[in-house]
Amino acid sequence: DHPDPRKIHHHPTPRTGGAAIFAAFVIVALSYREQTFSTQAVGILWGVGVVFLVGFVDDVKGLSASYKLIGQVVAAGIAMGHGVQVNLLPIGELKWVGDTLITLVGLVGVMNAFNFLDGLDGLATSLAMIAALSLVLIAWVTHQTGIAYFGAALTGVTLGFLPYNVGGAKIFLGDSGSTVLGYMLAVRAIGGSWDDKSMMESIS
């Protein structure tokens, strides 16, 4: 990323930090041996691969907004096809259609929200770290160890990356990093069980 009058950095800065985020997260995630990966987890890992690939190509070569959106929809569709789905609407003829649309808009929206946040050194990374840590704590209390593990992995990779992304960043997240963070937080939050009844039963 080259400096210009609209930017605050003064030296060309790599914007492929997403490669470090993605590689570290996948390595840690694949080391999870406590239980067999669920169908959701498999879909999430395939989906995050698509998100990273689309973002990385955009960071290196540049992609139009329409191609990036298509890639994000495909990644969301992979996760949804493996069981990542909100369950909000009452039972009825339009329940499946409505829940599917809400899930799709939610996943793509969070990915792009983190992408838009990545305009200030360390902002998107630190927010993702706080959100991931919160996910770990809630998942641990509700005995959802798989989600807690994935959240811990995300907390770790963001904590490790943060020193290189603040105070005159040595490397930027890029689209490949910000969208991966948004995707992982969104799919793990949707994939969990957070209703009041289950939480109170787990705490008691």
# chains A, B, ... in the order shown; residues from 1 in each chain; ligands from 1

call {"tool": "residues_around", "arguments": {"residues": "Phe56 of chain A", "least_positions_apart": "6", "cutoff": "12 Å", "atoms": "only C-alpha atoms", "output": "PyMOL selection string"}}
result
chain A and resi 14-22+48-50+62-63+68+71+173-180

call {"tool": "write_last_selection", "arguments": {"atoms": "N, CA, C and O atoms", "output": "compact mmCIF listing (two decimals), in the first residue's frame"}}
result
# COMPACT_ATOMS: atom_id res chain seq x y z
N PRO A 14 3.17 -3.59 3.34
CA PRO A 14 2.48 -4.79 2.83
C PRO A 14 1.05 -4.85 3.37
O PRO A 14 0.81 -4.49 4.52
N ARG A 15 0.13 -5.30 2.53
CA ARG A 15 -1.26 -5.44 2.98
C ARG A 15 -1.72 -6.89 2.90
O ARG A 15 -2.87 -7.18 2.63
N THR A 16 -0.79 -7.78 3.16
CA THR A 16 -1.09 -9.22 3.11
C THR A 16 -1.02 -9.86 4.49
O THR A 16 -0.71 -11.03 4.63
N GLY A 17 -1.34 -9.08 5.53
CA GLY A 17 -1.34 -9.64 6.88
C GLY A 17 -2.36 -10.75 7.04
O GLY A 17 -2.23 -11.61 7.92
N GLY A 18 -3.37 -10.75 6.18
CA GLY A 18 -4.37 -11.81 6.22
C GLY A 18 -3.77 -13.19 6.01
O GLY A 18 -4.31 -14.18 6.52
N ALA A 19 -2.66 -13.26 5.28
CA ALA A 19 -2.02 -14.56 5.06
C ALA A 19 -1.52 -15.14 6.38
O ALA A 19 -1.66 -16.34 6.64
N ALA A 20 -0.95 -14.28 7.24
CA ALA A 20 -0.49 -14.74 8.55
C ALA A 20 -1.66 -15.13 9.43
O ALA A 20 -1.63 -16.16 10.12
N ILE A 21 -2.72 -14.29 9.42
CA ILE A 21 -3.92 -14.58 10.21
C ILE A 21 -4.52 -15.92 9.79
O ILE A 21 -4.83 -16.79 10.62
N PHE A 22 -4.71 -16.09 8.50
CA PHE A 22 -5.36 -17.30 7.97
C PHE A 22 -4.52 -18.55 8.26
O PHE A 22 -5.03 -19.55 8.75
N VAL A 48 -13.95 -20.35 5.04
CA VAL A 48 -12.94 -19.34 5.36
C VAL A 48 -11.80 -19.40 4.34
O VAL A 48 -11.16 -18.37 4.05
N GLY A 49 -11.57 -20.56 3.74
CA GLY A 49 -10.59 -20.66 2.67
C GLY A 49 -11.00 -19.83 1.46
O GLY A 49 -10.17 -19.15 0.84
N VAL A 50 -12.29 -19.87 1.13
CA VAL A 50 -12.79 -19.08 0.00
C VAL A 50 -12.68 -17.59 0.32
O VAL A 50 -12.25 -16.79 -0.53
N GLY A 62 -6.19 -6.94 -7.14
CA GLY A 62 -7.35 -6.06 -7.22
C GLY A 62 -8.53 -6.77 -7.87
O GLY A 62 -8.38 -7.41 -8.91
N LEU A 63 -9.69 -6.73 -7.23
CA LEU A 63 -10.91 -7.31 -7.75
C LEU A 63 -12.02 -6.27 -7.70
O LEU A 63 -12.02 -5.39 -6.84
N LYS A 68 -15.90 -9.63 -5.52
CA LYS A 68 -15.70 -9.85 -4.08
C LYS A 68 -17.00 -10.26 -3.40
O LYS A 68 -17.01 -11.16 -2.56
N GLY A 71 -17.80 -13.88 -4.19
CA GLY A 71 -16.97 -14.76 -3.38
C GLY A 71 -17.47 -14.86 -1.95
O GLY A 71 -17.49 -15.94 -1.35
N LEU A 173 -3.76 -5.62 7.62
CA LEU A 173 -4.58 -6.82 7.47
C LEU A 173 -4.94 -7.09 6.03
O LEU A 173 -4.91 -8.23 5.57
N GLY A 174 -5.28 -6.05 5.31
CA GLY A 174 -5.78 -6.23 3.95
C GLY A 174 -7.18 -6.85 3.98
O GLY A 174 -7.70 -7.24 5.03
N ASP A 175 -7.79 -6.95 2.81
CA ASP A 175 -9.11 -7.59 2.72
C ASP A 175 -9.06 -9.04 3.16
O ASP A 175 -10.01 -9.56 3.74
N SER A 176 -7.93 -9.69 2.87
CA SER A 176 -7.81 -11.11 3.22
C SER A 176 -7.81 -11.34 4.73
O SER A 176 -8.18 -12.41 5.20
N GLY A 177 -7.42 -10.33 5.49
CA GLY A 177 -7.42 -10.46 6.94
C GLY A 177 -8.71 -9.98 7.58
O GLY A 177 -9.31 -10.68 8.40
N SER A 178 -9.17 -8.80 7.16
CA SER A 178 -10.38 -8.24 7.79
C SER A 178 -11.61 -9.08 7.50
O SER A 178 -12.44 -9.32 8.40
N THR A 179 -11.76 -9.56 6.27
CA THR A 179 -12.94 -10.37 5.96
C THR A 179 -12.88 -11.75 6.61
O THR A 179 -13.91 -12.30 7.00
N VAL A 180 -11.68 -12.31 6.75
CA VAL A 180 -11.54 -13.59 7.46
C VAL A 180 -11.95 -13.44 8.91
O VAL A 180 -12.66 -14.29 9.46

call {"tool": "residues_around", "arguments": {"residues": "Tyr183 of chain A", "least_positions_apart": "3", "cutoff": "8 Å", "atoms": "only C-alpha atoms", "output": "list in words"}}
result
Val48, Val51, Leu107, Val108, Val110, Met111, Thr179, Val180, Ala186 and Val187 of chain A

call {"tool": "write_last_selection", "arguments": {"atoms": "N, CA, C and O atoms", "output": "PDB file, in the first residue's frame"}}
result
ATOM      1  N   VAL A  48     -13.952 -20.345   5.045  1.00  0.00           N
ATOM      2  CA  VAL A  48     -12.937 -19.343   5.362  1.00  0.00           C
ATOM      3  C   VAL A  48     -11.802 -19.396   4.337  1.00  0.00           C
ATOM      4  O   VAL A  48     -11.165 -18.373   4.051  1.00  0.00           O
ATOM      5  N   VAL A  51     -13.059 -17.210   1.535  1.00  0.00           N
ATOM      6  CA  VAL A  51     -12.973 -15.803   1.945  1.00  0.00           C
ATOM      7  C   VAL A  51     -11.535 -15.303   1.836  1.00  0.00           C
ATOM      8  O   VAL A  51     -11.270 -14.211   1.309  1.00  0.00           O
ATOM      9  N   LEU A 107     -23.973 -12.821   7.586  1.00  0.00           N
ATOM     10  CA  LEU A 107     -22.596 -13.255   7.338  1.00  0.00           C
ATOM     11  C   LEU A 107     -21.860 -12.280   6.432  1.00  0.00           C
ATOM     12  O   LEU A 107     -20.738 -11.846   6.729  1.00  0.00           O
ATOM     13  N   VAL A 108     -22.479 -11.932   5.313  1.00  0.00           N
ATOM     14  CA  VAL A 108     -21.835 -11.008   4.375  1.00  0.00           C
ATOM     15  C   VAL A 108     -21.696  -9.629   5.002  1.00  0.00           C
ATOM     16  O   VAL A 108     -20.676  -8.945   4.822  1.00  0.00           O
ATOM     17  N   VAL A 110     -21.302  -8.816   8.253  1.00  0.00           N
ATOM     18  CA  VAL A 110     -20.229  -8.757   9.256  1.00  0.00           C
ATOM     19  C   VAL A 110     -18.860  -8.778   8.577  1.00  0.00           C
ATOM     20  O   VAL A 110     -17.932  -8.076   9.004  1.00  0.00           O
ATOM     21  N   MET A 111     -18.732  -9.582   7.521  1.00  0.00           N
ATOM     22  CA  MET A 111     -17.462  -9.588   6.776  1.00  0.00           C
ATOM     23  C   MET A 111     -17.117  -8.192   6.289  1.00  0.00           C
ATOM     24  O   MET A 111     -15.983  -7.714   6.444  1.00  0.00           O
ATOM     25  N   THR A 179     -11.759  -9.564   6.273  1.00  0.00           N
ATOM     26  CA  THR A 179     -12.940 -10.370   5.959  1.00  0.00           C
ATOM     27  C   THR A 179     -12.880 -11.749   6.610  1.00  0.00           C
ATOM     28  O   THR A 179     -13.907 -12.300   7.000  1.00  0.00           O
ATOM     29  N   VAL A 180     -11.684 -12.311   6.750  1.00  0.00           N
ATOM     30  CA  VAL A 180     -11.537 -13.591   7.455  1.00  0.00           C
ATOM     31  C   VAL A 180     -11.946 -13.444   8.911  1.00  0.00           C
ATOM     32  O   VAL A 180     -12.660 -14.288   9.464  1.00  0.00           O
ATOM     33  N   ALA A 186     -18.618 -14.261  12.767  1.00  0.00           N
ATOM     34  CA  ALA A 186     -20.031 -14.384  12.428  1.00  0.00           C
ATOM     35  C   ALA A 186     -20.481 -15.840  12.423  1.00  0.00           C
ATOM     36  O   ALA A 186     -21.507 -16.183  13.010  1.00  0.00           O
ATOM     37  N   VAL A 187     -19.717 -16.719  11.767  1.00  0.00           N
ATOM     38  CA  VAL A 187     -20.171 -18.116  11.662  1.00  0.00           C
ATOM     39  C   VAL A 187     -20.131 -18.819  13.008  1.00  0.00           C
ATOM     40  O   VAL A 187     -20.990 -19.650  13.312  1.00  0.00           O
TER      41      VAL A 187
END

call {"tool": "atom_distance", "arguments": {"atom1": "atom CA of Tyr149 of chain A", "atom2": "atom CA of Val84 of chain A"}}
result
17.2 Å

call {"tool": "atom_distance", "arguments": {"atom1": "atom CA of Ala24 of chain A", "atom2": "atom CA of Val157 of chain A"}}
result
6.4 Å

call {"tool": "select_by_dssp", "arguments": {"residues": "chain A", "states": "alpha helix (DSSP H)", "output": "count of residues only"}}
result
138

call {"tool": "closest_residue", "arguments": {"among": "A:Ala23, A:Leu181, A:Leu162, A:Leu88", "to": "Gly122 of chain A", "atoms": "only C-alpha atoms"}}
result
A:Leu162

call {"tool": "residues_around", "arguments": {"residues": "segment 119-121 of chain A", "least_positions_apart": "4", "cutoff": "9 Å", "atoms": "only C-alpha atoms", "output": "compact mmCIF listing (two decimals) with N, CA and C atoms, in the first residue's frame"}}
result
# COMPACT_ATOMS: atom_id res chain seq x y z
N ASN A 115 -14.25 -5.23 7.24
CA ASN A 115 -13.44 -4.67 6.16
C ASN A 115 -13.47 -3.14 6.21
N THR A 125 -8.32 -5.37 14.15
CA THR A 125 -7.66 -6.48 14.83
C THR A 125 -8.03 -6.52 16.31
N ASN A 165 0.61 -4.29 13.87
CA ASN A 165 -0.44 -3.55 13.18
C ASN A 165 -0.80 -2.25 13.88
N VAL A 166 -0.03 -1.87 14.91
CA VAL A 166 -0.28 -0.62 15.63
C VAL A 166 1.01 0.18 15.73
N GLY A 167 0.85 1.48 16.07
CA GLY A 167 2.02 2.32 16.30
C GLY A 167 2.90 2.47 15.07
N GLY A 168 2.29 2.79 13.94
CA GLY A 168 3.03 2.80 12.69
C GLY A 168 3.13 1.40 12.15
N ALA A 169 2.02 0.91 11.64
CA ALA A 169 1.89 -0.50 11.26
C ALA A 169 2.98 -0.94 10.29
N PHE A 172 -0.39 -4.43 7.05
CA PHE A 172 -1.83 -4.23 7.17
C PHE A 172 -2.56 -5.57 7.03

call {"tool": "closest_atom_pairs", "arguments": {"of": "segment 53-158 of chain A", "to": "segment 39-47 of chain A", "cutoff": "7 Å", "atoms": "only C-alpha atoms", "output": "JSON lines"}}
result
{"residue": "A:Ala75", "atom": "CA", "partner": "A:Gly47", "partner_atom": "CA", "distance": 4.4}
{"residue": "A:Ala76", "atom": "CA", "partner": "A:Gly47", "partner_atom": "CA", "distance": 6.7}
{"residue": "A:Ile78", "atom": "CA", "partner": "A:Gly47", "partner_atom": "CA", "distance": 5.6}
{"residue": "A:Ala79", "atom": "CA", "partner": "A:Gly43", "partner_atom": "CA", "distance": 4.9}
{"residue": "A:His82", "atom": "CA", "partner": "A:Gln40", "partner_atom": "CA", "distance": 5.0}
{"residue": "A:Gly83", "atom": "CA", "partner": "A:Gln40", "partner_atom": "CA", "distance": 5.6}
{"residue": "A:Val84", "atom": "CA", "partner": "A:Gln40", "partner_atom": "CA", "distance": 6.3}

call {"tool": "closest_residue", "arguments": {"among": "A:Gly191, A:Gly81, A:Pro163, A:Gly182", "to": "Gly109 of chain A", "atoms": "only C-alpha atoms"}}
result
A:Gly182

call {"tool": "closest_residue", "arguments": {"among": "A:Tyr67, A:Phe52, A:Tyr164, A:Phe150", "to": "Phe25 of chain A", "atoms": "only C-alpha atoms"}}
result
A:Phe150

call {"tool": "residues_around", "arguments": {"residues": "Gln85 of chain A", "least_positions_apart": "3", "cutoff": "7 Å", "atoms": "only C-alpha atoms", "output": "PyMOL selection string"}}
result
chain A and resi 80+100+103+190-191

call {"tool": "decode", "arguments": {"residues": "segment 143-180 of chain A", "atoms": "N, CA and C atoms", "output": "PDB file, in the first residue's frame"}}
result
ATOM      1  N   HIS A 143     -20.574 -24.678  27.884  1.00  0.00           N
ATOM      2  CA  HIS A 143     -20.014 -26.002  27.575  1.00  0.00           C
ATOM      3  C   HIS A 143     -19.979 -26.309  26.076  1.00  0.00           C
ATOM      4  N   GLN A 144     -19.728 -25.303  25.266  1.00  0.00           N
ATOM      5  CA  GLN A 144     -19.578 -25.496  23.821  1.00  0.00           C
ATOM      6  C   GLN A 144     -18.081 -25.442  23.506  1.00  0.00           C
ATOM      7  N   THR A 145     -17.406 -26.555  23.781  1.00  0.00           N
ATOM      8  CA  THR A 145     -15.940 -26.560  23.753  1.00  0.00           C
ATOM      9  C   THR A 145     -15.380 -26.325  22.359  1.00  0.00           C
ATOM     10  N   GLY A 146     -16.065 -26.814  21.335  1.00  0.00           N
ATOM     11  CA  GLY A 146     -15.581 -26.594  19.977  1.00  0.00           C
ATOM     12  C   GLY A 146     -15.545 -25.124  19.620  1.00  0.00           C
ATOM     13  N   ILE A 147     -16.608 -24.408  19.949  1.00  0.00           N
ATOM     14  CA  ILE A 147     -16.662 -22.970  19.679  1.00  0.00           C
ATOM     15  C   ILE A 147     -15.645 -22.236  20.538  1.00  0.00           C
ATOM     16  N   ALA A 148     -15.485 -22.665  21.792  1.00  0.00           N
ATOM     17  CA  ALA A 148     -14.492 -22.038  22.663  1.00  0.00           C
ATOM     18  C   ALA A 148     -13.082 -22.206  22.093  1.00  0.00           C
ATOM     19  N   TYR A 149     -12.790 -23.391  21.550  1.00  0.00           N
ATOM     20  CA  TYR A 149     -11.468 -23.647  20.980  1.00  0.00           C
ATOM     21  C   TYR A 149     -11.218 -22.756  19.760  1.00  0.00           C
ATOM     22  N   PHE A 150     -12.201 -22.704  18.865  1.00  0.00           N
ATOM     23  CA  PHE A 150     -12.046 -21.869  17.677  1.00  0.00           C
ATOM     24  C   PHE A 150     -11.904 -20.400  18.072  1.00  0.00           C
ATOM     25  N   GLY A 151     -12.683 -19.966  19.080  1.00  0.00           N
ATOM     26  CA  GLY A 151     -12.571 -18.590  19.551  1.00  0.00           C
ATOM     27  C   GLY A 151     -11.219 -18.298  20.166  1.00  0.00           C
ATOM     28  N   ALA A 152     -10.683 -19.278  20.901  1.00  0.00           N
ATOM     29  CA  ALA A 152      -9.354 -19.111  21.497  1.00  0.00           C
ATOM     30  C   ALA A 152      -8.280 -19.005  20.417  1.00  0.00           C
ATOM     31  N   ALA A 153      -8.430 -19.802  19.367  1.00  0.00           N
ATOM     32  CA  ALA A 153      -7.479 -19.730  18.253  1.00  0.00           C
ATOM     33  C   ALA A 153      -7.518 -18.353  17.606  1.00  0.00           C
ATOM     34  N   LEU A 154      -8.726 -17.824  17.416  1.00  0.00           N
ATOM     35  CA  LEU A 154      -8.866 -16.501  16.809  1.00  0.00           C
ATOM     36  C   LEU A 154      -8.320 -15.415  17.729  1.00  0.00           C
ATOM     37  N   THR A 155      -8.546 -15.562  19.029  1.00  0.00           N
ATOM     38  CA  THR A 155      -7.982 -14.611  19.998  1.00  0.00           C
ATOM     39  C   THR A 155      -6.460 -14.622  19.929  1.00  0.00           C
ATOM     40  N   GLY A 156      -5.886 -15.805  19.857  1.00  0.00           N
ATOM     41  CA  GLY A 156      -4.433 -15.932  19.820  1.00  0.00           C
ATOM     42  C   GLY A 156      -3.800 -15.325  18.581  1.00  0.00           C
ATOM     43  N   VAL A 157      -4.390 -15.596  17.418  1.00  0.00           N
ATOM     44  CA  VAL A 157      -3.772 -15.079  16.186  1.00  0.00           C
ATOM     45  C   VAL A 157      -3.910 -13.562  16.097  1.00  0.00           C
ATOM     46  N   THR A 158      -5.006 -13.007  16.597  1.00  0.00           N
ATOM     47  CA  THR A 158      -5.139 -11.545  16.574  1.00  0.00           C
ATOM     48  C   THR A 158      -4.195 -10.893  17.584  1.00  0.00           C
ATOM     49  N   LEU A 159      -4.035 -11.527  18.746  1.00  0.00           N
ATOM     50  CA  LEU A 159      -3.108 -10.993  19.748  1.00  0.00           C
ATOM     51  C   LEU A 159      -1.676 -11.028  19.222  1.00  0.00           C
ATOM     52  N   GLY A 160      -1.327 -12.089  18.504  1.00  0.00           N
ATOM     53  CA  GLY A 160       0.015 -12.184  17.946  1.00  0.00           C
ATOM     54  C   GLY A 160       0.264 -11.187  16.820  1.00  0.00           C
ATOM     55  N   PHE A 161      -0.789 -10.869  16.078  1.00  0.00           N
ATOM     56  CA  PHE A 161      -0.645  -9.958  14.940  1.00  0.00           C
ATOM     57  C   PHE A 161      -0.674  -8.489  15.360  1.00  0.00           C
ATOM     58  N   LEU A 162      -1.371  -8.185  16.443  1.00  0.00           N
ATOM     59  CA  LEU A 162      -1.627  -6.802  16.837  1.00  0.00           C
ATOM     60  C   LEU A 162      -0.367  -5.947  16.978  1.00  0.00           C
ATOM     61  N   PRO A 163       0.726  -6.434  17.595  1.00  0.00           N
ATOM     62  CA  PRO A 163       1.909  -5.569  17.735  1.00  0.00           C
ATOM     63  C   PRO A 163       2.487  -5.090  16.403  1.00  0.00           C
ATOM     64  N   TYR A 164       2.238  -5.829  15.335  1.00  0.00           N
ATOM     65  CA  TYR A 164       2.760  -5.438  14.019  1.00  0.00           C
ATOM     66  C   TYR A 164       1.793  -4.529  13.260  1.00  0.00           C
ATOM     67  N   ASN A 165       0.614  -4.286  13.870  1.00  0.00           N
ATOM     68  CA  ASN A 165      -0.445  -3.555  13.179  1.00  0.00           C
ATOM     69  C   ASN A 165      -0.800  -2.247  13.877  1.00  0.00           C
ATOM     70  N   VAL A 166      -0.025  -1.871  14.905  1.00  0.00           N
ATOM     71  CA  VAL A 166      -0.284  -0.617  15.627  1.00  0.00           C
ATOM     72  C   VAL A 166       1.007   0.185  15.728  1.00  0.00           C
ATOM     73  N   GLY A 167       0.855   1.480  16.075  1.00  0.00           N
ATOM     74  CA  GLY A 167       2.022   2.323  16.296  1.00  0.00           C
ATOM     75  C   GLY A 167       2.904   2.465  15.073  1.00  0.00           C
ATOM     76  N   GLY A 168       2.291   2.793  13.940  1.00  0.00           N
ATOM     77  CA  GLY A 168       3.030   2.804  12.687  1.00  0.00           C
ATOM     78  C   GLY A 168       3.129   1.397  12.149  1.00  0.00           C
ATOM     79  N   ALA A 169       2.021   0.907  11.637  1.00  0.00           N
ATOM     80  CA  ALA A 169       1.891  -0.503  11.256  1.00  0.00           C
ATOM     81  C   ALA A 169       2.983  -0.944  10.290  1.00  0.00           C
ATOM     82  N   LYS A 170       3.564  -2.118  10.585  1.00  0.00           N
ATOM     83  CA  LYS A 170       4.554  -2.717   9.691  1.00  0.00           C
ATOM     84  C   LYS A 170       3.877  -3.532   8.603  1.00  0.00           C
ATOM     85  N   ILE A 171       2.624  -3.913   8.842  1.00  0.00           N
ATOM     86  CA  ILE A 171       1.864  -4.688   7.873  1.00  0.00           C
ATOM     87  C   ILE A 171       0.380  -4.446   8.119  1.00  0.00           C
ATOM     88  N   PHE A 172      -0.392  -4.427   7.054  1.00  0.00           N
ATOM     89  CA  PHE A 172      -1.832  -4.229   7.167  1.00  0.00           C
ATOM     90  C   PHE A 172      -2.558  -5.565   7.033  1.00  0.00           C
ATOM     91  N   LEU A 173      -3.760  -5.618   7.615  1.00  0.00           N
ATOM     92  CA  LEU A 173      -4.583  -6.824   7.474  1.00  0.00           C
ATOM     93  C   LEU A 173      -4.937  -7.094   6.026  1.00  0.00           C
ATOM     94  N   GLY A 174      -5.279  -6.052   5.307  1.00  0.00           N
ATOM     95  CA  GLY A 174      -5.785  -6.229   3.954  1.00  0.00           C
ATOM     96  C   GLY A 174      -7.180  -6.849   3.978  1.00  0.00           C
ATOM     97  N   ASP A 175      -7.793  -6.952   2.812  1.00  0.00           N
ATOM     98  CA  ASP A 175      -9.110  -7.586   2.724  1.00  0.00           C
ATOM     99  C   ASP A 175      -9.058  -9.040   3.161  1.00  0.00           C
ATOM    100  N   SER A 176      -7.932  -9.694   2.875  1.00  0.00           N
ATOM    101  CA  SER A 176      -7.809 -11.112   3.220  1.00  0.00           C
ATOM    102  C   SER A 176      -7.809 -11.336   4.725  1.00  0.00           C
ATOM    103  N   GLY A 177      -7.415 -10.325   5.494  1.00  0.00           N
ATOM    104  CA  GLY A 177      -7.420 -10.457   6.941  1.00  0.00           C
ATOM    105  C   GLY A 177      -8.706  -9.978   7.578  1.00  0.00           C
ATOM    106  N   SER A 178      -9.175  -8.804   7.160  1.00  0.00           N
ATOM    107  CA  SER A 178     -10.376  -8.239   7.789  1.00  0.00           C
ATOM    108  C   SER A 178     -11.609  -9.085   7.502  1.00  0.00           C
ATOM    109  N   THR A 179     -11.759  -9.564   6.273  1.00  0.00           N
ATOM    110  CA  THR A 179     -12.940 -10.370   5.959  1.00  0.00           C
ATOM    111  C   THR A 179     -12.880 -11.749   6.610  1.00  0.00           C
ATOM    112  N   VAL A 180     -11.684 -12.311   6.750  1.00  0.00           N
ATOM    113  CA  VAL A 180     -11.537 -13.591   7.455  1.00  0.00           C
ATOM    114  C   VAL A 180     -11.946 -13.444   8.911  1.00  0.00           C
TER     115      VAL A 180
END
